[in-house]
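Structure first, commentary second.
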Amino acid sequence: KQSNLQGYICVALRNITKKLKKGIEPHAKAMFQLYYRIFQNAGDQGAIHEDVLLAFGAAAAELQESFAPLAPEFMDFVCHALAMRSAPSVVVVAVGVIGDLCKALGKSFVQYSDTVVKILADDLRDADFPTKNKVYIISCFADIAQALGAAFGERYLGGVCQILDDYARNPPVDKDDDYAFDLLNEVWDALLEAYVGIIQGLADRPAGTPHPFTPYVEQLVLFIQHVWQEPSRKAIVTQGVVGVLGDVAANLGKPVTEQYLANQVIEGILIQGKNSPNEKIRMYAGWSMNVITKVMAS
């Protein structure tokens, strides 16, 4: 009964937070201390952990930069939740909180990122951790890259791109699973989301210097070509494929576009996308075609 009541309190506070927005600031520390105590005393009750994390993430998202002075005191329990692989749903909620914290803290997130990225990588290496939950972790790299910018490239780019390439080449999906088709598409979609976030996140760099992602364009293009040959590809993945090509051209410039995108294979992908019955796919393919044309003409 007590755990149910605590869960209801967290839900109520989360709703109040969304209503008051930054008006919660005078009460934020007391709220976080309450969430921390509930989390510590929850034992193995995963539902309570989830309620606490959702309430915590909502508050951090509303406070934005005002959350920074409070973060050091409360990051431990978020990292603890990220490592609770015996409770996959708790990990997923904690990953969502990391996304909120990235948006709230921006480049200041770097003081916590070493610990967070290590835990996320450990989660992804755990063969017993469900693939359906791993896709959220893969997508989270986009949030971290966009928050950290150049620091992501300096600290994590090589290791993260290796993880993405491993998952692209050998997605941990059992073909005999009844949901294999859906799960494989979720992995592909998460990979594309991560690549786009990394490309965009590292775009701000000194004039005349190559984009840090340049050495990894080839692995992305090979992944795109592989996915395009798969008959089980869903529309959301097709949309991601044709869209990321425009991101590569727009952010990495003419030499990379000329080397990797100005060929018949990529042109064929975009033409098929432009002729798709799906409106969003047509829109993204048209945008990418226009971007590539402009970059090549520059």
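By order in the structure tokens, chains are A, B, ...; within a chain, residues start at 1; ligands start at 1, following the order shown.
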
Residues of range 137-231 of chain A within 12 Å of range 246-258 of chain A: nearest atom pair and distance (Å, one decimal) for each, counting only C-alpha atoms, sorted by chain and number, as a tab-separated table?
```
residue	atom	partner	partner_atom	distance
A:Leu192	CA	A:Asp247	CA	11.0
A:Glu193	CA	A:Asp247	CA	11.3
A:Tyr195	CA	A:Asp247	CA	9.5
A:Val196	CA	A:Asp247	CA	6.9
A:Gly197	CA	A:Asp247	CA	9.7
A:Ile198	CA	A:Asp247	CA	10.4
A:Ile199	CA	A:Asn251	CA	7.0
A:Gln200	CA	A:Asn251	CA	7.0
A:Gly201	CA	A:Asn251	CA	9.9
A:Leu202	CA	A:Asn251	CA	8.8
A:Ala203	CA	A:Asn251	CA	5.9
A:Asp204	CA	A:Asn251	CA	9.1
A:Arg205	CA	A:Asn251	CA	10.5
A:Ala207	CA	A:Gly253	CA	11.9
A:Gly208	CA	A:Gly253	CA	10.7
A:Thr209	CA	A:Leu252	CA	10.2
A:Pro210	CA	A:Leu252	CA	7.3
A:His211	CA	A:Leu252	CA	5.7
A:Pro212	CA	A:Leu252	CA	8.9
A:Phe213	CA	A:Leu252	CA	8.0
A:Thr214	CA	A:Leu252	CA	7.0
A:Pro215	CA	A:Val256	CA	9.8
A:Tyr216	CA	A:Val256	CA	10.8
A:Val217	CA	A:Val248	CA	8.0
A:Glu218	CA	A:Val256	CA	9.7
A:Leu220	CA	A:Val248	CA	9.7
A:Val221	CA	A:Val248	CA	9.9
```

Would you export the selected residues with N, CA, C and O atoms as a tab-separated table (two decimals), in the first residue's frame, please?
```
chain	number	residue	atom	x	y	z
A	192	LEU	N	19.75	4.67	-37.40
A	192	LEU	CA	19.65	5.86	-38.25
A	192	LEU	C	19.48	7.12	-37.41
A	192	LEU	O	20.08	8.16	-37.69
A	193	GLU	N	18.67	7.02	-36.36
A	193	GLU	CA	18.48	8.16	-35.46
A	193	GLU	C	19.79	8.55	-34.80
A	193	GLU	O	20.12	9.74	-34.66
A	195	TYR	N	22.87	7.97	-35.93
A	195	TYR	CA	23.76	8.56	-36.93
A	195	TYR	C	23.39	10.02	-37.22
A	195	TYR	O	24.26	10.89	-37.28
A	196	VAL	N	22.10	10.29	-37.38
A	196	VAL	CA	21.67	11.67	-37.66
A	196	VAL	C	22.03	12.59	-36.50
A	196	VAL	O	22.55	13.70	-36.70
A	197	GLY	N	21.77	12.15	-35.25
A	197	GLY	CA	22.09	12.97	-34.10
A	197	GLY	C	23.58	13.26	-33.99
A	197	GLY	O	23.99	14.38	-33.64
A	198	ILE	N	24.40	12.25	-34.29
A	198	ILE	CA	25.85	12.44	-34.23
A	198	ILE	C	26.31	13.41	-35.33
A	198	ILE	O	27.10	14.33	-35.07
A	199	ILE	N	25.83	13.21	-36.54
A	199	ILE	CA	26.21	14.09	-37.65
A	199	ILE	C	25.83	15.54	-37.36
A	199	ILE	O	26.63	16.46	-37.54
A	200	GLN	N	24.62	15.75	-36.89
A	200	GLN	CA	24.16	17.11	-36.59
A	200	GLN	C	24.87	17.68	-35.36
A	200	GLN	O	25.23	18.85	-35.33
A	201	GLY	N	25.07	16.84	-34.36
A	201	GLY	CA	25.69	17.30	-33.12
A	201	GLY	C	27.12	17.75	-33.29
A	201	GLY	O	27.59	18.64	-32.57
A	202	LEU	N	27.84	17.15	-34.25
A	202	LEU	CA	29.25	17.47	-34.46
A	202	LEU	C	29.46	18.46	-35.60
A	202	LEU	O	30.59	18.70	-36.02
A	203	ALA	N	28.38	19.04	-36.08
A	203	ALA	CA	28.48	19.92	-37.26
A	203	ALA	C	29.20	21.22	-36.95
A	203	ALA	O	29.86	21.80	-37.83
A	204	ASP	N	29.10	21.73	-35.73
A	204	ASP	CA	29.72	23.00	-35.36
A	204	ASP	C	31.21	22.79	-35.10
A	204	ASP	O	31.60	22.21	-34.10
A	205	ARG	N	32.04	23.27	-36.02
A	205	ARG	CA	33.49	23.05	-35.93
A	205	ARG	C	34.20	24.24	-36.56
A	205	ARG	O	33.60	25.00	-37.33
A	207	ALA	N	36.12	26.60	-39.03
A	207	ALA	CA	36.07	26.68	-40.50
A	207	ALA	C	37.30	26.00	-41.11
A	207	ALA	O	38.43	26.17	-40.63
A	208	GLY	N	37.06	25.25	-42.16
A	208	GLY	CA	38.15	24.61	-42.87
A	208	GLY	C	38.57	23.26	-42.34
A	208	GLY	O	39.41	22.59	-42.94
A	209	THR	N	37.99	22.84	-41.21
A	209	THR	CA	38.34	21.53	-40.64
A	209	THR	C	37.30	20.49	-41.06
A	209	THR	O	36.12	20.82	-41.17
A	210	PRO	N	37.72	19.26	-41.31
A	210	PRO	CA	36.76	18.24	-41.73
A	210	PRO	C	35.81	17.87	-40.60
A	210	PRO	O	36.16	17.97	-39.42
A	211	HIS	N	34.64	17.46	-40.97
A	211	HIS	CA	33.67	16.98	-39.99
A	211	HIS	C	34.23	15.73	-39.31
A	211	HIS	O	34.75	14.83	-39.98
A	212	PRO	N	34.15	15.63	-37.98
A	212	PRO	CA	34.72	14.46	-37.28
A	212	PRO	C	34.13	13.13	-37.73
A	212	PRO	O	34.78	12.09	-37.56
A	213	PHE	N	32.92	13.15	-38.29
A	213	PHE	CA	32.28	11.89	-38.70
A	213	PHE	C	32.83	11.38	-40.03
A	213	PHE	O	32.54	10.25	-40.42
A	214	THR	N	33.62	12.17	-40.72
A	214	THR	CA	34.09	11.80	-42.06
A	214	THR	C	34.66	10.38	-42.15
A	214	THR	O	34.33	9.64	-43.09
A	215	PRO	N	35.49	9.93	-41.20
A	215	PRO	CA	36.03	8.56	-41.32
A	215	PRO	C	34.98	7.46	-41.21
A	215	PRO	O	35.28	6.29	-41.52
A	216	TYR	N	33.77	7.81	-40.77
A	216	TYR	CA	32.74	6.80	-40.54
A	216	TYR	C	31.62	6.84	-41.58
A	216	TYR	O	30.64	6.09	-41.47
A	217	VAL	N	31.77	7.71	-42.58
A	217	VAL	CA	30.74	7.81	-43.61
A	217	VAL	C	30.61	6.49	-44.37
A	217	VAL	O	29.50	6.04	-44.69
A	218	GLU	N	31.73	5.86	-44.66
A	218	GLU	CA	31.68	4.62	-45.43
A	218	GLU	C	30.84	3.55	-44.72
A	218	GLU	O	30.03	2.87	-45.36
A	220	LEU	N	28.41	4.01	-42.67
A	220	LEU	CA	27.00	4.42	-42.76
A	220	LEU	C	26.43	4.11	-44.14
A	220	LEU	O	25.32	3.57	-44.26
A	221	VAL	N	27.19	4.42	-45.19
A	221	VAL	CA	26.71	4.17	-46.55
A	221	VAL	C	26.53	2.67	-46.80
A	221	VAL	O	25.53	2.24	-47.42
```

To one decimal place, how far is CA of Ser288 in chain A from CA of Cys140 in chain A in Å?
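According to the coordinates, CA of Ser288 in chain A and CA of Cys140 in chain A are separated by 24.2 Å.
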
Have a look at CA of Ile119 in chain A and CA of Arg85 in chain A and let me know their distance in Å, one decimal.
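Calculated distance between CA of Ile119 in chain A and CA of Arg85 in chain A is 10.2 Å.
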
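The environment of Phe67 in chain A within 10 Å, counting only C-alpha atoms and disregarding residues fewer than 2 places along the same chain, consists of A:Glu25, A:Ala28, A:Lys29, A:Ala59, A:Ala60, A:Ala61, A:Glu62, A:Leu63, A:Gln64, A:Glu65, A:Pro69, A:Leu70, A:Ala71, A:Pro72, A:Leu101, A:Ala104, A:Leu105.
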
Restricting it to C-alpha atoms, dump the selection as a compact mmCIF listing (two decimals), in the first residue's frame.
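Saved the output as result_36.txt:
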```
# COMPACT_ATOMS: atom_id res chain seq x y z
CA GLU A 25 11.97 25.99 -9.11
CA ALA A 28 12.82 21.63 -6.84
CA LYS A 29 15.46 20.57 -4.33
CA ALA A 59 11.29 18.36 -13.45
CA ALA A 60 14.73 18.46 -15.06
CA ALA A 61 13.16 19.11 -18.47
CA GLU A 62 11.15 22.05 -17.16
CA LEU A 63 13.99 23.57 -15.13
CA GLN A 64 16.46 23.43 -18.04
CA GLU A 65 19.61 25.39 -17.09
CA PRO A 69 23.24 23.30 -9.61
CA LEU A 70 21.06 20.40 -8.44
CA ALA A 71 22.39 17.77 -10.83
CA PRO A 72 25.51 16.60 -8.93
CA LEU A 101 19.12 15.90 -18.86
CA ALA A 104 18.50 20.65 -19.78
CA LEU A 105 22.27 20.75 -19.29
```

Using only C-alpha atoms, which of A:Gly23, A:Gly96, A:Gly159, A:Gly106 sits nearest Lys118 in chain A?
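Ranking A:Gly23, A:Gly96, A:Gly159, A:Gly106 by distance to Lys118 in chain A, first place goes to A:Gly159.
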
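Counting only C-alpha atoms and comparing A:Pro277, A:Val110, A:Gly57, A:Asp189, the residue that lies closest to Gly153 in chain A is A:Val110.
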
Go through A:Gly240, A:Leu5, A:Gln146, A:Phe74 one by one, measure the shortest atom-to-atom distance of each to Met31 in chain A using only C-alpha atoms, and give the residue with the smallest value.
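Between A:Gly240, A:Leu5, A:Gln146, A:Phe74, the residue approaching Met31 in chain A most closely is A:Phe74.
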
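Here the question is which of A:Asn15, A:Gln6, A:Ser232, A:Ser108 gets nearest to Glu50 in chain A using only C-alpha atoms, and that residue is A:Gln6.
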
One-decimal distance in Å that lies between CA of Leu157 in chain A and CA of Leu222 in chain A:
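Atom-to-atom, CA of Leu222 in chain A to CA of Leu157 in chain A, that is 18.2 Å.
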